[in-house]
Amino acid sequence: MKYQRDLQVRLQERYRRLYKAGVRLYRNEAKYLVEFIRSTPALSSLTENLKRSEPDVDPPAWVADNFGFNRAEWPESEVGRQKSPGTC
């Protein structure tokens, strides 16, 4: 239980930093958050499971097809939306 609580606190702290980051720091904070998720086995396994659950969603293709100035269209399922890079 302590591991889970500690992980939650560390994830919340990184999310808070991203949320509060200004335009100049946002990209770096997003990178730090992604690196944290990828380097933490419990979180990394969740992202791998998400990738397997929606094999038809290709994040780079989604960005190219659905992202533009003041516009974002999400995949049909909530799981697919979570896999899309615009949510990270």
# chains A, B, ... in the order shown; residues from 1 in each chain; ligands from 1
>>> select_by_dssp(residues="chain A", states="strand (DSSP E or B)", output="list in words")
Phe67, Gly68, Arg71 and Ala72 of chain A
>>> atom_distance(atom1="atom CA of Thr40 of chain A", atom2="atom CA of Lys2 of chain A")
15.3 Å
>>> closest_residue(among="A:Ala42, A:Leu33, A:Met1, A:Ala72", to="Arg16 of chain A", atoms="only C-alpha atoms")
A:Leu33
>>> residues_around(residues="Arg17 of chain A", least_positions_apart="3", cutoff="9 Å", atoms="only C-alpha atoms", output="PyMOL selection string")
chain A and resi 12-14+20-21+26+29-30+33
>>> select_by_dssp(residues="segment 51-81 of chain A", states="alpha helix (DSSP H)", output="tab-separated table (two decimals) with C-alpha atoms, in the first residue's frame")
chain	number	residue	atom	x	y	z
A	51	LYS	CA	-1.56	0.03	-26.56
A	52	ARG	CA	-2.69	-3.60	-26.85
A	53	SER	CA	-6.33	-2.78	-26.11
A	59	PRO	CA	-1.07	8.05	-32.34
A	60	PRO	CA	1.10	9.76	-35.04
A	61	ALA	CA	-1.60	9.21	-37.66
A	62	TRP	CA	-4.24	10.51	-35.24
A	63	VAL	CA	-2.30	13.73	-34.74
A	64	ALA	CA	-1.88	14.22	-38.49
A	65	ASP	CA	-5.55	13.54	-39.23
A	66	ASN	CA	-7.32	15.09	-36.24
A	78	GLU	CA	-12.63	6.32	-24.36
A	79	VAL	CA	-9.72	3.86	-24.31
A	80	GLY	CA	-8.76	5.04	-27.78
A	81	ARG	CA	-8.93	8.64	-26.61
>>> atom_distance(atom1="atom CA of Phe69 of chain A", atom2="atom CA of Val23 of chain A")
16.4 Å
>>> closest_residue(among="A:Phe67, A:Pro41, A:Asp58, A:Leu50", to="Leu7 of chain A", atoms="only C-alpha atoms")
A:Pro41
